[in-house]
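Right, one structure below, let's go through it.
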Amino acid sequence: MPDTQDISLEQLQVGLYIHLDLKWFEHPFAFSQFKIKSDDQIRTLRSLGLQRIRFDPALSDVPPVPLPPDAPPAPPAEALRTPPPESPELAAKRAMMARIRAQRESAARIEHAFVDTAKSIRDIEKNLFSRPAESLQRATELIGKITDSILVAPDLAIHVMGDKAGGEEIYVHSLNVTMLSMMIARDIKLPVEVAKALGVGALFHDIGVKNIPDRVLNKLDPWTGSEQKLYETHAHAGYEMGQSMSFPHAAIAVCRDHHEMFDGSGYSRGLKGEAIGMLARIVAITNYYDELCNPINGGTGLTPHEALSLMFAKLRSKFDPKLLQVFIRCLGVYPPGTIVQLANGATGMVATVNTDKPTKPVLVIYEAGVPREEAIMVDLDREPDLNIVRSIKPAQVPKRDLQLPEPPQAGQLLLRRRPAGAGGKHVIAELRQLMLDHSPQMMLLVDPADLHILVSNRAVEQALGYSGKQLLAMQITDIESSLQDVFYWEEVRNGQYQEIQAQEGEYHRADATSIAVMKSVKPVAYEGRTLLLVQARDVRQERKVEDALEQTLSQLRTTLESTGNGILVIDWHNRIASMNRLFSQMWGIPEALLQAGNDAAILAFLASSVVESELCRERLQQVVDRSETEDTFRLNDGRVFECRSRPQYLGERIIGRVFGYTDITERQRAEEALRESRDQLESRVSERTLALQMANETLEKEKERQAELIRKLGEAQSQLLQSEKMASIGVLAAGVAHEINNPVGFVNSNLSSLQRYAQALLQLLDGYEEAATRLSAEDQVVLAALRRDVDADYLREDLGSLLSESMDGLDRIKRIVQDMKDFSHVGGGDVLVANLEAGLESTLNVVWKRAQIQGRSGARIRWRGADRMHPFATEPGVHEPADQRRPRHPRTGPHHRAHTAG
C-alpha cells in the first residue's frame, strides 16, 4: 500500500493527490484516487461526510494546508457525518452500474449461445460430406441463430470472441469470421438472401483446409515456400467442394476468393479491386483480422486494437476502403475486451463502444482490492481530462495501478507572447524557432480549421525525413496515421478540441515507413484564436526495451511459478514486490487479503501463522541485511517450513530481499520415522544376534544328528539298492518265464500228440509182425534183415522211454517257470504266507531231475535217507565206458538221438 498520511478536510488544496476510502458508487468522482484540480472538487469532497482523507505525498504537487496550532486532532476515519443527499453524478453512476449488471447477464446468455453455436458448427462439419443437403440447411438456420441470439448485442458478441468456447476452439475461427461478416452485412443493410449466402460462405470459407496436412497447419516455425503454396491451394479446393455440395453460387465464390486482396496481392487468382465479389471482400477483411488476433499456428496474436491499427495504417491498400471503414465503425477504435492504459496511469478494459466517438469508450477499471462486481466504470465521454494512451496485452496488466507523470507543458512557454516593438519581432521569432529546434521532442503547431501544419521543429524533420517546407505544406493527417488519430482529427474538424495528455500513435515517414510515437495535444491561445500544439517523441527503442523486458518478465514469472518453492520478494520499503502462486497456496493466504493488496496485513498474517512469530517477523523486516539466513518455522497447523533468504542487489545496492519457503513437513516426518526405524533396527539386530548365537549352537547339534542320519541313510540306501537289484532280477525272471512259457506250451502239445501217434504206430507194428508169420520164408528173411537194420526192438523199447523223459523234462521246465514267477512277485508289496514244504519239494525236484540227467554218470543221490542207484550207475563222476554202451544202429534218421544229451 502506498505511504499515505491522514489530513482533515480543512487541509485540502489543489495539487494534493488523495485516496477516498469509499466504494466507487458512494462518491461522484471517476476514480477513488486522483489529484485535486479545482476548488469545485474540494467543495464536493467536503460534502461527502468524511472527516479526514488520506493523501499521497509522493504524488502530490503541494503539501497540505497547515492547521492552526490549537486545532483539535482529526477523528478516526470511520467516523462519518450523516451521508449527503444523492447527487446527479452518483445517480448516474448507479444507473451505469445497473446497465453493466444487465450487460453481464446478457453476456452470460450470449456466451452460452456462442458455445452452443461452436458445437453446432462441429456437428455440421462432421456430417457435411455424408449429408450435404441436410448440413447446408442446418448451416442456414445457424446463420439466423447467430443474427438473433448473438448479434443482438454486438459489443458483448465481440467481447466473447476472445474467450474459450468450451473445448470447441477449433471451430471458433469460422464462427468469429461469420459473426464479424454478419455485423458488416447488417451495417450496410444487405438483403436477407444475400446475407444468408454471405453467412454460408463465411462459415465454410476454410473448408478446403481439410486437404492440408496437420503437420503444415500445426507447424510453429514459419512456412517454407512449398508449404505456403500448398496452403494456398485450399481456396480452390474449397471452391470445388462447395460446387460438389451445391452451395449457393455467392458462397462458393467466397470459399474461392476470400484471400484475394484489393490491391491484387492475394491468391489464388490474383484479382484486384471491384473484380473481387463484394461478399469475398467482406470475408477477406474479417478473416485477415481474426488471423491477426488468433494466428493459424497458435503463435502470439495481436490485441484487437493492434490488429485494427495495423490493417488501417499499414495494410489499408489490401482491403476495400469503404468496407474497412464500416468494419472499424462496427468494432470501434478500441473493440470491446481491449485492455488499455489511461493518461493517469490506470488500466482498464473496454466494455462498450461509443459509435459516435470511437476513441471514448466505456471502461471497466482494474484496481487492487476492488471486487469485480464493484469495479469502477468510467465513461471517457464524460471525462474530458482522461484519454487512452495505448492498448496493452493482458500479460502487461500491472500488479498495482501505475501513476505516469504528466507531459511537459512546453507549449505554454513557446507560445506565450509579450508586447514587443516591430524591430524585436524578428528576434523573438528566431528565438522561438531556436528553442523549438533544440527541443528533443517533435513539435508541430496545427491549425484546427484545416489541420494544416503551421510550425515544426528540427526534431520532426530528422525523425520523419521531410524538409521544413514539405511539412508546412502538409496536413497533420498526412503524418498521423493510426486509427485513433484519424478519429481524433475528425472530431477537431467538427470543432471539438480536447487536450490529450499522452497517447500512442504512428507517424508516417518520407520513406513510406512509420514509427511509433507517444504524443500529447494541447490547445493554446495565439493572437485571438486557438491552435493545437502537438508534441511527440519516438518510442521505438522504448517499445523494443519493453518487449524485451516483457519477455524477460514472462520468463521470470514462468520460472517463479514452475519452481518447487514458495517465493516471496520484499522491496526495501518493506512492501511485497512479488510472490508466486505456490507461496500463497502454501501459507493459505485469504483471498480477501490478496485482493486488498495490504502488504502489512499479509506479512502480519505470515508471522501469526507460525509458532516462532517473533523470529518470522524479525526476518521479514531485515530487508537490507547483507547476510543470508536459513530458518525452520513450525506452523500452527503442524506443518514445518524451511526458509532461506538472501538480499536482492541492483549493482552494489540492496533493493530488497528474496525469501524461499520449502514445505519440509513430510521430510521431517520421514527423518523422524527413519530415526525410529534405526533405533528399532539396532534393537532388533542385538536381539537377532543373540538369537543367531543360540541358533548356531542348535545347528551344531543338529549337524551331528544329521551326520548320524546320513550314515544310516547310506546303509538304507545300500539296502534299497540291493532290493532294487533283486527287484530287477525278479522283473527279469518274470520276463524270461513269460518268454519260455509260450514255446514250452507248444512243445508240450506236440509231445502229447507224438506220444499218441507212437502208440498207434506200435500197435500197427504189432499187427504187421503178427501178419509176417504168414508170409513166405523169403519175405520173412527180408523183414528180419530190415528189422535188424533199424533195430526195431530197441526202438520199440526206447520210444516210450524217450517220450516219457521228454514229458518229464517239459514238466520240469514248467515248474521252473512257475518258480521264477513266484520268485519275481512283480507288483507285490504285501507279506505272503510261504509253504516251506512246497519250496523244499520244488528244490528237490530240480535236484532230482538233474540227478536223473546225470544218473548215467553214476551220480549217487540221497533221497529221504535211502540210497538209490541208477541202474547203470557206477562211481560218482565216472562215465560209462564206451565198450559197455549198447551199440547204436549205424543208420541215422529223424528218430536217432543221443542218450547222453542233457
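Numbering starts fresh at 1 for the residues of each chain in the C-alpha cells, the chains themselves are lettered A, B, ... in the order given, and ligands are numbered from 1 as they appear.
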inquiry  = What's around Phe204 (chain A) at 8 Å? Count only C-alpha atoms, leave out sequence neighbours fewer than 4 positions away in its own chain, and write the answer as an NGL selection string.
reply    = :A and (174 or 200 or 255)
query = Using only C-alpha atoms, which residues sit within 10 Å of Tyr649 (chain A) once same-chain residues fewer than 5 positions away are excluded, as an NGL selection string?
reply = :A and (624 or 626 or 654-657)
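If only C-alpha atoms are the atoms counted, then among A:Gly345, A:Gly767, A:Arg131, A:Leu180 the closest residue to Ser244 (chain A) is A:Arg131.
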request  = Have a look at CA of Ser8 (chain A) and CA of Gln51 (chain A) and let me know their distance in Å, one decimal.
outcome  = 6.1 Å
query = Restricting the calculation to only C-alpha atoms, which member of A:Gln41, A:Thr178, A:Thr559, A:Leu751 is positioned closest to Asp808 (chain A)?
reply = A:Leu751
